[in-house]
file final_13.csv (CSV, C-alpha atoms and all ligand atoms)
chain,number,residue,atom,x,y,z
A,246,MET,CA,74.0,85.4,90.1
A,247,THR,CA,73.8,88.6,92.0
A,248,ASP,CA,76.5,91.0,90.7
A,249,LEU,CA,78.4,91.9,93.9
A,250,PHE,CA,79.4,95.2,92.2
A,251,SER,CA,75.8,96.4,91.9
A,252,LYS,CA,76.1,98.2,95.2
A,253,PHE,CA,78.6,100.6,93.5
A,254,ASP,CA,76.1,101.7,90.8
A,255,PRO,CA,75.2,105.0,92.5
A,256,LEU,CA,78.8,106.0,92.8
A,257,ILE,CA,79.6,104.9,89.2
A,258,GLU,CA,76.7,107.0,87.9
A,259,GLN,CA,77.7,110.0,89.9
A,260,ARG,CA,81.2,109.8,88.6
A,261,GLU,CA,80.1,109.3,85.0
A,262,THR,CA,77.7,112.3,85.2
A,263,LEU,CA,80.6,114.5,86.5
A,264,LEU,CA,83.0,113.3,83.8
A,265,ALA,CA,80.4,113.7,81.1
A,266,THR,CA,80.5,117.5,81.6
A,267,GLY,CA,84.1,117.3,80.2
A,268,LEU,CA,85.9,117.9,83.5
A,269,THR,CA,89.3,116.3,84.1
A,270,ASP,CA,89.0,113.4,86.5
A,271,PRO,CA,90.1,114.9,89.9
A,272,PHE,CA,91.0,111.4,91.3
A,273,ASN,CA,93.2,110.3,88.5
A,274,LEU,CA,96.0,112.8,88.2
A,275,VAL,CA,99.5,111.6,87.2
A,276,MET,CA,102.7,113.4,88.4
A,277,GLU,CA,105.0,113.0,85.4
A,278,LYS,CA,108.0,114.4,87.3
A,279,VAL,CA,108.5,115.6,90.8
A,280,GLU,CA,111.1,118.3,91.0
A,281,SER,CA,111.0,119.2,94.7
A,282,PRO,CA,108.6,119.0,97.7
A,283,THR,CA,106.7,121.9,96.2
A,284,VAL,CA,106.8,121.5,92.4
A,285,ALA,CA,105.9,118.7,90.0
A,286,ILE,CA,105.1,118.4,86.3
A,287,CYS,CA,101.5,117.5,85.6
A,288,ASN,CA,100.0,117.3,82.1
A,289,GLY,CA,103.4,118.8,80.9
A,290,LYS,CA,102.9,121.9,83.1
A,291,ARG,CA,104.9,123.1,86.1
A,292,THR,CA,102.5,122.8,89.0
A,293,ILE,CA,102.9,124.0,92.5
A,294,LEU,CA,102.0,121.2,95.0
A,295,LEU,CA,99.5,122.4,97.7
A,296,GLY,CA,97.8,119.0,98.2
A,297,THR,CA,100.5,116.7,99.6
A,298,TYR,CA,101.2,115.8,103.2
A,299,ASN,CA,104.8,116.7,102.8
A,300,TYR,CA,104.5,119.3,105.6
A,301,MET,CA,108.2,119.5,106.5
A,302,GLY,CA,109.4,119.0,102.9
A,303,MET,CA,111.7,116.1,103.8
A,304,THR,CA,111.2,114.1,100.6
A,305,PHE,CA,114.2,115.7,98.8
A,306,ASP,CA,116.4,116.3,101.8
A,307,PRO,CA,119.9,115.3,100.7
A,308,ASP,CA,120.7,113.4,103.9
A,309,VAL,CA,117.4,111.5,103.8
A,310,VAL,CA,117.9,110.6,100.2
A,311,ALA,CA,121.5,109.5,100.8
A,312,ALA,CA,120.5,107.3,103.7
A,313,GLY,CA,117.9,105.5,101.6
A,314,LYS,CA,120.4,104.9,98.7
A,315,LYS,CA,123.0,103.6,101.1
A,316,ALA,CA,120.6,101.2,102.8
A,317,LEU,CA,119.4,100.0,99.3
A,318,ASP,CA,123.0,99.2,98.4
A,319,GLU,CA,123.8,97.5,101.7
A,320,PHE,CA,120.6,95.6,102.5
A,321,GLY,CA,118.8,95.2,99.2
A,322,SER,CA,115.3,96.2,98.1
A,323,GLY,CA,113.1,94.5,100.7
A,324,THR,CA,113.1,92.2,103.8
A,325,THR,CA,110.6,89.7,102.4
A,326,GLY,CA,109.4,88.9,105.9
A,327,SER,CA,107.5,89.8,109.0
A,328,ARG,CA,109.1,91.8,111.8
A,329,VAL,CA,108.8,88.7,114.1
A,330,LEU,CA,110.6,86.4,111.7
A,331,ASN,CA,113.3,87.5,109.2
A,332,GLY,CA,112.0,91.1,108.8
A,333,THR,CA,113.8,93.0,111.6
A,334,TYR,CA,117.1,94.5,110.4
A,335,VAL,CA,119.3,97.0,112.2
A,336,GLY,CA,117.4,99.8,110.4
A,337,HIS,CA,114.1,98.8,111.9
A,338,ARG,CA,115.6,99.0,115.4
A,339,ALA,CA,117.3,102.3,114.5
A,340,VAL,CA,114.1,103.9,113.4
A,341,GLU,CA,112.3,102.8,116.6
A,342,ASP,CA,115.2,104.3,118.6
A,343,ALA,CA,114.8,107.5,116.7
A,344,LEU,CA,111.1,107.6,117.5
A,345,ARG,CA,111.7,106.8,121.2
A,346,GLU,CA,114.1,109.8,121.3
A,347,PHE,CA,111.8,112.0,119.2
A,348,TYR,CA,108.9,111.5,121.6
A,349,ALA,CA,110.9,110.9,124.8
A,350,MET,CA,108.9,107.7,125.4
A,351,ASP,CA,109.9,104.2,126.5
A,352,HIS,CA,108.5,102.2,123.6
A,353,ALA,CA,108.1,102.5,119.8
A,354,MET,CA,106.7,100.0,117.4
A,355,VAL,CA,106.9,100.5,113.6
A,356,PHE,CA,104.2,99.2,111.2
A,357,SER,CA,104.2,99.1,107.4
A,358,THR,CA,101.7,102.0,107.2
A,359,GLY,CA,99.9,104.4,109.6
A,360,TYR,CA,96.7,102.7,108.5
A,361,GLN,CA,98.0,99.4,109.9
A,362,ALA,CA,99.2,101.1,113.1
A,363,ASN,CA,95.7,102.2,113.9
A,364,LEU,CA,94.2,99.0,112.7
A,365,GLY,CA,96.7,96.9,114.8
A,366,VAL,CA,96.9,98.8,118.0
A,367,ILE,CA,93.2,99.6,118.4
A,368,SER,CA,92.0,96.1,117.4
A,369,THR,CA,94.5,94.4,119.7
A,370,ILE,CA,94.0,96.5,122.9
A,371,ALA,CA,90.1,96.9,122.6
A,372,GLY,CA,88.1,93.7,122.1
A,373,LYS,CA,84.5,92.6,122.1
A,374,GLU,CA,83.9,93.4,125.8
A,375,ASP,CA,85.5,96.8,125.6
A,376,TYR,CA,84.2,100.3,124.6
A,377,ILE,CA,85.9,102.7,122.2
A,378,VAL,CA,84.7,106.3,122.5
A,379,LEU,CA,85.7,108.2,119.5
A,380,ASP,CA,85.2,111.5,117.7
A,381,ILE,CA,82.7,111.0,114.9
A,382,ASP,CA,85.0,112.6,112.4
A,383,SER,CA,87.8,110.0,113.0
A,384,HIS,CA,89.9,108.7,110.2
A,385,ALA,CA,88.8,105.5,108.4
A,386,SER,CA,91.8,103.6,109.8
A,387,ILE,CA,90.5,104.3,113.4
A,388,TYR,CA,87.0,103.0,112.5
A,389,ASP,CA,88.5,100.0,110.8
A,390,GLY,CA,90.6,99.2,113.9
A,391,CYS,CA,87.4,99.4,116.0
A,392,ALA,CA,85.6,97.0,113.6
A,393,LEU,CA,88.5,94.5,113.4
A,394,GLY,CA,88.6,94.2,117.2
A,395,ASN,CA,84.8,94.0,117.5
A,396,ALA,CA,84.7,96.6,120.3
A,397,GLN,CA,81.6,98.5,121.2
A,398,ILE,CA,81.9,101.8,119.3
A,399,VAL,CA,80.5,104.9,121.0
A,400,PRO,CA,80.9,108.0,118.7
A,401,PHE,CA,80.5,111.6,120.0
A,402,ARG,CA,80.0,114.9,118.2
A,403,HIS,CA,83.2,116.3,116.7
A,404,ASN,CA,85.4,118.1,119.3
A,405,ASP,CA,82.5,118.2,121.8
A,406,ILE,CA,84.0,117.8,125.3
A,407,ASP,CA,80.6,117.5,127.1
A,408,ALA,CA,79.4,114.9,124.6
A,409,LEU,CA,82.6,112.9,125.3
A,410,GLU,CA,82.0,113.1,129.0
A,411,LYS,CA,78.3,112.0,128.7
A,412,ARG,CA,79.2,109.0,126.6
A,413,LEU,CA,81.9,108.0,129.1
A,414,LYS,CA,79.6,108.2,132.0
A,415,ARG,CA,77.1,105.9,130.3
A,416,ILE,CA,79.5,103.0,129.9
A,417,PRO,CA,79.0,100.2,132.5
A,418,GLU,CA,81.3,100.4,135.5
A,419,GLY,CA,84.4,98.2,135.3
A,420,ALA,CA,84.3,97.9,131.4
A,421,GLY,CA,87.5,98.5,129.5
A,422,LYS,CA,87.4,102.0,127.9
A,423,LEU,CA,89.6,103.5,125.2
A,424,VAL,CA,89.1,107.1,124.0
A,425,VAL,CA,90.5,107.7,120.5
A,426,LEU,CA,91.2,111.3,119.4
A,427,GLU,CA,93.2,113.0,116.7
A,428,GLY,CA,95.5,116.0,117.2
A,429,VAL,CA,94.6,117.6,113.8
A,430,TYR,CA,91.5,116.6,111.9
A,431,SER,CA,92.7,116.4,108.4
A,432,MET,CA,89.5,117.4,106.5
A,433,LEU,CA,89.0,120.9,108.0
A,434,GLY,CA,92.5,121.3,109.5
A,435,ASP,CA,91.1,122.0,113.0
A,436,ILE,CA,92.8,120.8,116.2
A,437,ALA,CA,91.2,118.9,119.1
A,438,PRO,CA,90.8,120.4,122.6
A,439,LEU,CA,93.1,117.6,123.8
A,440,LYS,CA,93.8,119.1,127.2
A,441,GLU,CA,90.2,119.0,128.3
A,442,MET,CA,89.4,115.8,126.5
A,443,VAL,CA,92.3,113.9,128.0
A,444,ALA,CA,91.4,115.2,131.5
A,445,VAL,CA,87.7,114.1,131.1
A,446,SER,CA,88.9,110.7,129.8
A,447,LYS,CA,91.2,110.1,132.6
A,448,ALA,CA,88.7,111.2,135.2
A,449,ASN,CA,86.4,108.6,133.8
A,450,GLY,CA,88.9,105.7,133.9
A,451,ALA,CA,89.6,105.5,130.2
A,452,MET,CA,92.9,104.9,128.4
A,453,VAL,CA,93.6,107.5,125.6
A,454,LEU,CA,95.1,107.0,122.1
A,455,VAL,CA,95.8,110.1,120.1
A,456,ASP,CA,96.5,109.9,116.3
A,457,GLU,CA,99.0,112.7,115.6
A,458,ALA,CA,99.4,111.9,111.9
A,459,HIS,CA,98.9,115.5,110.7
A,460,SER,CA,100.8,117.3,113.6
A,461,MET,CA,104.0,115.3,113.9
A,462,GLY,CA,107.0,117.4,113.0
A,463,PHE,CA,105.2,120.7,112.9
A,464,ILE,CA,103.0,121.3,116.0
A,465,GLY,CA,104.5,121.5,119.5
A,466,GLU,CA,107.8,122.8,120.6
A,467,ASN,CA,109.6,119.7,119.5
A,468,GLY,CA,107.1,118.7,116.8
A,469,ARG,CA,105.6,116.0,118.9
A,470,GLY,CA,102.1,117.1,118.1
A,471,VAL,CA,99.0,118.7,119.6
A,472,ALA,CA,99.4,116.7,122.9
A,473,GLU,CA,102.8,118.4,123.3
A,474,ALA,CA,101.5,121.8,122.4
A,475,GLU,CA,98.7,121.5,125.0
A,476,GLY,CA,101.1,120.2,127.7
A,477,ILE,CA,99.5,116.8,128.3
A,478,ILE,CA,101.6,114.4,126.3
A,479,ASP,CA,102.5,112.5,129.5
A,480,ASP,CA,98.8,111.7,130.1
A,481,VAL,CA,98.3,110.1,126.7
A,482,ASP,CA,98.7,106.3,126.7
A,483,PHE,CA,99.4,105.8,123.0
A,484,ILE,CA,100.4,108.1,120.2
A,485,ILE,CA,99.9,106.9,116.7
A,486,GLY,CA,101.8,108.4,113.8
A,487,THR,CA,102.8,107.9,110.2
A,488,PHE,CA,105.9,108.3,108.1
A,489,SER,CA,103.8,109.3,105.1
A,490,LYS,CA,103.4,112.9,106.1
A,491,SER,CA,106.0,115.1,107.8
A,492,VAL,CA,108.6,112.2,107.8
A,493,GLY,CA,108.3,112.1,104.0
A,494,THR,CA,108.2,108.3,103.2
A,495,VAL,CA,105.9,105.5,104.2
A,496,GLY,CA,105.2,103.6,107.4
A,497,GLY,CA,103.4,103.9,110.6
A,498,PHE,CA,104.1,103.7,114.4
A,499,CYS,CA,102.8,103.7,117.9
A,500,VAL,CA,104.8,105.2,120.8
A,501,SER,CA,103.9,104.6,124.5
A,502,ASN,CA,105.2,104.5,128.1
A,503,HIS,CA,102.9,101.5,128.9
A,504,PRO,CA,105.1,99.0,130.8
A,505,LYS,CA,103.6,96.0,129.0
A,506,PHE,CA,103.7,97.6,125.5
A,507,GLU,CA,106.2,95.2,124.0
A,508,ILE,CA,103.8,92.3,124.2
A,509,LEU,CA,102.0,93.9,121.2
A,510,ARG,CA,104.8,92.6,119.0
A,511,LEU,CA,103.5,89.1,119.5
A,512,VAL,CA,99.7,89.6,119.5
A,513,CYS,CA,99.0,92.4,117.0
A,514,ARG,CA,98.0,90.8,113.8
A,515,PRO,CA,98.6,93.8,111.4
A,516,TYR,CA,102.2,93.8,112.8
A,517,VAL,CA,102.8,90.1,112.7
A,518,PHE,CA,101.1,89.0,109.5
A,519,THR,CA,102.7,91.3,107.0
A,520,ALA,CA,106.1,92.1,105.6
A,521,SER,CA,108.2,94.7,107.3
A,522,LEU,CA,109.2,98.0,105.6
A,523,PRO,CA,112.1,97.9,103.1
A,524,PRO,CA,115.5,98.8,104.5
A,525,SER,CA,115.7,102.0,102.4
A,526,VAL,CA,112.4,103.2,103.8
A,527,VAL,CA,113.4,102.8,107.5
A,528,ALA,CA,116.8,104.4,106.8
A,529,THR,CA,115.1,107.5,105.2
A,530,ALA,CA,112.6,107.6,108.1
A,531,ALA,CA,115.2,107.4,110.8
A,532,THR,CA,117.3,110.2,109.2
A,533,SER,CA,114.2,112.3,108.6
A,534,ILE,CA,113.0,111.9,112.2
A,535,ARG,CA,116.4,112.9,113.6
A,536,LYS,CA,116.4,116.0,111.4
A,537,LEU,CA,112.9,116.9,112.5
A,538,MET,CA,114.2,117.1,116.1
A,539,ASP,CA,116.1,120.3,114.9
A,540,GLY,CA,113.2,121.6,112.8
A,541,ALA,CA,112.4,124.7,114.8
A,542,ASP,CA,113.1,127.1,111.9
A,543,LYS,CA,111.1,125.0,109.4
A,544,ARG,CA,108.2,124.9,111.9
A,545,ALA,CA,108.3,128.7,112.2
A,546,HIS,CA,108.3,129.2,108.4
A,547,LEU,CA,105.4,126.7,108.0
A,548,TRP,CA,103.3,128.6,110.5
A,549,GLU,CA,104.1,131.8,108.6
A,550,ASN,CA,102.9,130.1,105.4
A,551,SER,CA,99.8,128.8,107.0
A,552,LYS,CA,98.8,132.2,108.4
A,553,ARG,CA,99.6,134.0,105.1
A,554,LEU,CA,97.5,131.6,103.0
A,555,HIS,CA,94.6,131.6,105.4
A,556,ALA,CA,94.5,135.4,105.6
A,557,GLY,CA,94.9,135.7,101.8
A,558,LEU,CA,92.1,133.2,100.9
A,559,ARG,CA,89.8,134.9,103.3
A,560,GLN,CA,90.5,138.3,101.8
A,561,LEU,CA,89.7,136.9,98.4
A,562,GLY,CA,86.3,135.9,99.7
A,563,PHE,CA,86.6,132.1,100.1
A,564,THR,CA,84.8,130.3,103.0
A,565,LEU,CA,87.4,128.4,105.1
A,566,GLY,CA,87.1,125.4,107.4
A,567,THR,CA,88.5,127.3,110.4
A,568,ASP,CA,88.3,130.9,111.6
A,569,GLU,CA,92.0,130.9,112.3
A,570,PRO,CA,94.8,128.8,110.9
A,571,GLN,CA,95.2,125.9,113.3
A,572,SER,CA,97.5,123.6,111.4
A,573,ALA,CA,99.2,123.2,108.0
A,574,ILE,CA,95.9,122.3,106.4
A,575,ILE,CA,93.5,125.0,105.2
A,576,ALA,CA,90.2,123.7,103.8
A,577,VAL,CA,88.3,125.9,101.3
A,578,ILE,CA,84.6,125.0,101.4
A,579,MET,CA,82.9,124.6,98.1
A,580,PRO,CA,79.1,124.9,97.6
A,581,ASP,CA,78.8,121.5,95.9
A,582,LEU,CA,80.8,118.7,94.2
A,583,GLU,CA,80.3,120.1,90.6
A,584,THR,CA,81.6,123.6,91.6
A,585,GLY,CA,84.4,122.0,93.6
A,586,ALA,CA,85.5,119.8,90.7
A,587,ALA,CA,85.4,122.9,88.3
A,588,MET,CA,87.4,124.9,90.7
A,589,TRP,CA,89.9,122.1,91.2
A,590,GLU,CA,90.3,121.9,87.4
A,591,ALA,CA,90.7,125.6,87.0
A,592,LEU,CA,93.4,125.7,89.7
A,593,LEU,CA,95.2,122.8,87.9
A,594,LYS,CA,95.1,124.8,84.6
A,595,GLU,CA,96.6,127.7,86.5
A,596,GLY,CA,99.4,125.4,87.7
A,597,LEU,CA,98.3,124.5,91.2
A,598,TYR,CA,97.5,121.1,92.7
A,599,VAL,CA,95.1,120.9,95.7
A,600,ASN,CA,93.2,118.0,97.1
A,601,LEU,CA,89.5,117.7,96.2
A,602,ALA,CA,87.7,116.0,99.1
A,603,ARG,CA,84.1,115.0,99.1
A,604,PRO,CA,81.6,112.9,101.1
A,605,PRO,CA,81.8,110.3,102.6
A,606,ALA,CA,85.4,111.2,103.5
A,607,THR,CA,84.4,114.7,104.6
A,608,PRO,CA,82.3,115.9,107.6
A,609,ALA,CA,78.7,117.1,107.1
A,610,GLY,CA,78.6,116.2,103.4
A,611,LYS,CA,80.9,119.0,102.5
A,612,THR,CA,83.0,119.3,99.3
A,613,LEU,CA,86.4,120.8,100.1
A,614,LEU,CA,89.5,122.0,98.4
A,615,ARG,CA,92.1,121.0,100.9
A,616,CYS,CA,95.3,123.0,100.8
A,617,SER,CA,98.2,121.6,102.7
A,618,LEU,CA,101.3,123.8,103.1
A,619,CYS,CA,104.9,122.7,103.2
A,620,ALA,CA,107.8,124.3,105.1
A,621,GLU,CA,109.6,124.4,101.7
A,622,HIS,CA,106.9,126.7,100.1
A,623,THR,CA,108.6,130.1,99.7
A,624,THR,CA,106.8,133.3,100.5
A,625,ASP,CA,106.8,134.0,96.8
A,626,GLN,CA,105.1,130.7,96.1
A,627,VAL,CA,102.4,131.5,98.6
A,628,GLY,CA,101.8,134.8,96.7
A,629,GLU,CA,101.6,132.8,93.4
A,630,ILE,CA,99.1,130.4,95.0
A,631,LEU,CA,96.9,133.2,96.1
A,632,ALA,CA,97.0,134.8,92.7
A,633,MET,CA,95.9,131.4,91.2
A,634,PHE,CA,93.1,131.0,93.6
A,635,GLY,CA,91.9,134.5,92.7
A,636,ALA,CA,92.0,133.8,89.0
A,637,ALA,CA,90.3,130.3,89.3
A,638,GLY,CA,87.7,131.6,91.8
A,639,ARG,CA,86.7,134.4,89.4
A,640,ALA,CA,86.6,132.1,86.4
A,641,THR,CA,84.3,129.6,88.1
A,642,GLY,CA,82.2,132.1,89.8
A,643,CYS,CA,83.3,130.9,93.3
A,644,ILE,CA,84.2,134.5,94.4
B,1,LIG,C1,94.5,110.7,110.8
B,1,LIG,C2,95.2,109.7,110.0
B,1,LIG,N1,95.6,108.6,110.6
B,1,LIG,C3,96.2,107.6,109.8
B,1,LIG,C4,96.5,107.8,108.5
B,1,LIG,C5,97.1,106.6,107.7
B,1,LIG,O1,98.4,106.9,107.4
B,1,LIG,P1,99.2,106.1,106.3
B,1,LIG,O2,99.2,106.9,105.0
B,1,LIG,O3,100.6,106.0,106.8
B,1,LIG,O4,98.6,104.8,106.1
B,1,LIG,C6,96.1,108.9,107.9
B,1,LIG,C7,96.3,109.1,106.4
B,1,LIG,O5,95.8,109.9,105.7
B,1,LIG,C8,95.4,109.9,108.6
B,1,LIG,O6,95.0,111.1,108.1
call {"tool": "encode", "arguments": {"input": "final_13.csv", "output": "structure tokens"}}
result
Amino acid sequence: MTDLFSKFDPLIEQRETLLATGLTDPFNLVMEKVESPTVAICNGKRTILLGTYNYMGMTFDPDVVAAGKKALDEFGSGTTGSRVLNGTYVGHRAVEDALREFYAMDHAMVFSTGYQANLGVISTIAGKEDYIVLDIDSHASIYDGCALGNAQIVPFRHNDIDALEKRLKRIPEGAGKLVVLEGVYSMLGDIAPLKEMVAVSKANGAMVLVDEAHSMGFIGENGRGVAEAEGIIDDVDFIIGTFSKSVGTVGGFCVSNHPKFEILRLVCRPYVFTASLPPSVVATAATSIRKLMDGADKRAHLWENSKRLHAGLRQLGFTLGTDEPQSAIIAVIMPDLETGAAMWEALLKEGLYVNLARPPATPAGKTLLRCSLCAEHTTDQVGEILAMFGAAGRATGCI
């Protein structure tokens, strides 16, 4: 018998070598208590959270929590069914209404996760005969959506407008074309030149899907994302998003003005063949989305936090993923995995949690300490964070 697990041996060995040095496992942290969007207890210690996707800090919003509790009492703990059978409650309709209003679009379809939203929409609209042109740094759920639909995948260099245009021009005349982009790329925290890319895509007869997972709620005047900030949201055919970041719960969605969009509810397998979200989740999401419509002050404070942290880390001597802060994510580039893991552990001991990211999830084989800011981080907390980076950086020889 061939052990089907033998393909994982190199990874098992790399992990064992790292842990043999005595380092804490960076991928096995337990939050013993979560006190707020920005503070948790980890290993018995008060820890500032700088590695969540809770950009707008909605997880403890009193109205959001109350809506979830009320729905739990009134509708029970789960739907036990698909959206197309017994799994559509008034709450599912209400959260789709909230999304339509939030994006000012005609259609909204909610999935059980953002991963499934990409998987479902991409695989359903682009099949074997169609071409998907996508940024090489696209999220795993985008690649998996392309694979599930069996489309021809044409990747292009990250954020390279000319490369996108060249790939599009090489596709046979008359073929179906979908360009897939992200507003914010979550590893380095950089944004896409959507204005130019959408124009090039349209000029070459392609439909465009933009994943705004990391920009919803924060970027753009109304928090609709990078497409809104760059003034081209009406030219985007499909926007994908998630409830697991700024919305503060779990779930995924697609919004669109396409006149035939609703047919997806009958043909999209990751929508049809899975249970719908629990009533408490859709109730928290709807309340959160409606509050994000009035989130201008929070957005302004989050930008301040992002700028302050970026400038401070740079001043301490760290190498960052972007020259200027472009989103709520600031990536600190580490020389290698060992140093990255040591720095991650030193920060945790100081009382700071960040995300350690390493290949293959990261671009160009980089090891990163990814910091994601929250609108609920106070200015004092950002000061504390910088002091902890300074201490950990000196202790590990990173700076
Ligand atoms: C760009 C992007 N798209 C989609 C997803 C999937 O979102 P979810 O957590 O809702 O499955 C993520 C999650 O990290 C993401 O970064």
call {"tool": "residues_near_ligand", "arguments": {"input": "final_13.csv", "ligand": "ligand LIG 1 (chain B)", "cutoff": "7 Å", "atoms": "all atoms listed in the file", "output": "ChimeraX atom specification"}}
result
/A:358-361,363,384,386,427,430-431,456-459,486-489,495-497
call {"tool": "atom_distance", "arguments": {"input": "final_13.csv", "atom1": "atom CA of Gln259 of chain A", "atom2": "atom CA of Ala385 of chain A"}}
result
22.0 Å
call {"tool": "closest_residue", "arguments": {"input": "final_13.csv", "among": "A:Phe305, A:Phe320, A:Phe498, A:Tyr300", "to": "Leu344 of chain A", "atoms": "all atoms listed in the file"}}
result
A:Phe498
call {"tool": "atom_distance", "arguments": {"input": "final_13.csv", "atom1": "atom CA of Pro523 of chain A", "atom2": "atom CA of Thr304 of chain A"}}
result
16.4 Å
call {"tool": "closest_residue", "arguments": {"input": "final_13.csv", "among": "A:Gly493, A:Gly365, A:Gly465, A:Gly434", "to": "Val517 of chain A", "atoms": "only C-alpha atoms"}}
result
A:Gly365
call {"tool": "atom_distance", "arguments": {"input": "final_13.csv", "atom1": "atom CA of Tyr516 of chain A", "atom2": "atom CA of Ala362 of chain A"}}
result
7.9 Å
call {"tool": "closest_residue", "arguments": {"input": "final_13.csv", "among": "A:Val455, A:Val481, A:Ala606, A:Ile464", "to": "Asp382 of chain A", "atoms": "only C-alpha atoms"}}
result
A:Ala606
call {"tool": "residues_around", "arguments": {"input": "final_13.csv", "residues": "Leu330 of chain A", "least_positions_apart": "6", "cutoff": "12 Å", "atoms": "all atoms listed in the file", "output": "short mmCIF file (atom, residue, chain, number, x, y, z; two decimals) with C-alpha atoms, in the frame of the given file"}}
result
data_model
loop_
_atom_site.label_atom_id
_atom_site.label_comp_id
_atom_site.auth_asym_id
_atom_site.auth_seq_id
_atom_site.Cartn_x
_atom_site.Cartn_y
_atom_site.Cartn_z
CA THR A 324 113.10 92.20 103.80
CA ARG A 510 104.80 92.60 119.00
CA LEU A 511 103.50 89.10 119.50
CA TYR A 516 102.20 93.80 112.80
CA VAL A 517 102.80 90.10 112.70
CA PHE A 518 101.10 89.00 109.50
CA THR A 519 102.70 91.30 107.00
CA ALA A 520 106.10 92.10 105.60
CA SER A 521 108.20 94.70 107.30
#
call {"tool": "closest_residue", "arguments": {"input": "final_13.csv", "among": "A:Ile485, A:Val471, A:Ala545, A:Ala620", "to": "Gly428 of chain A", "atoms": "all atoms listed in the file"}}
result
A:Val471
call {"tool": "closest_residue", "arguments": {"input": "final_13.csv", "among": "A:Ile377, A:Leu433, A:Leu537, A:Ala591", "to": "Arg615 of chain A", "atoms": "only C-alpha atoms"}}
result
A:Leu433
call {"tool": "residues_around", "arguments": {"input": "final_13.csv", "residues": "segment 437-442 of chain A", "least_positions_apart": "4", "cutoff": "6 Å", "atoms": "all atoms listed in the file", "output": "PyMOL selection string"}}
result
chain A and resi 404+406+428+475
call {"tool": "residues_around", "arguments": {"input": "final_13.csv", "residues": "segment 569-577 of chain A", "least_positions_apart": "2", "cutoff": "6 Å", "atoms": "only C-alpha atoms", "output": "list in words"}}
result
Leu433, Gly434, Asp435, Ser551, Lys552, Thr564, Leu565, Gly566, Thr567, Leu613, Leu614, Arg615, Cys616, Ser617 and Leu618 of chain A
call {"tool": "residues_around", "arguments": {"input": "final_13.csv", "residues": "Asp482 of chain A", "least_positions_apart": "2", "cutoff": "7 Å", "atoms": "all atoms listed in the file", "output": "PyMOL selection string"}}
result
chain A and resi 452-454+480+484+501-503
call {"tool": "write_last_selection", "arguments": {"input": "final_13.csv", "atoms": "C-alpha atoms", "output": "CSV table (one decimal), keeping the file's coordinate frame"}}
result
chain,number,residue,atom,x,y,z
A,452,MET,CA,92.9,104.9,128.4
A,453,VAL,CA,93.6,107.5,125.6
A,454,LEU,CA,95.1,107.0,122.1
A,480,ASP,CA,98.8,111.7,130.1
A,484,ILE,CA,100.4,108.1,120.2
A,501,SER,CA,103.9,104.6,124.5
A,502,ASN,CA,105.2,104.5,128.1
A,503,HIS,CA,102.9,101.5,128.9
call {"tool": "closest_residue", "arguments": {"input": "final_13.csv", "among": "A:Ala632, A:Ile477, A:Ser533, A:Ala311", "to": "Ala343 of chain A", "atoms": "all atoms listed in the file"}}
result
A:Ser533
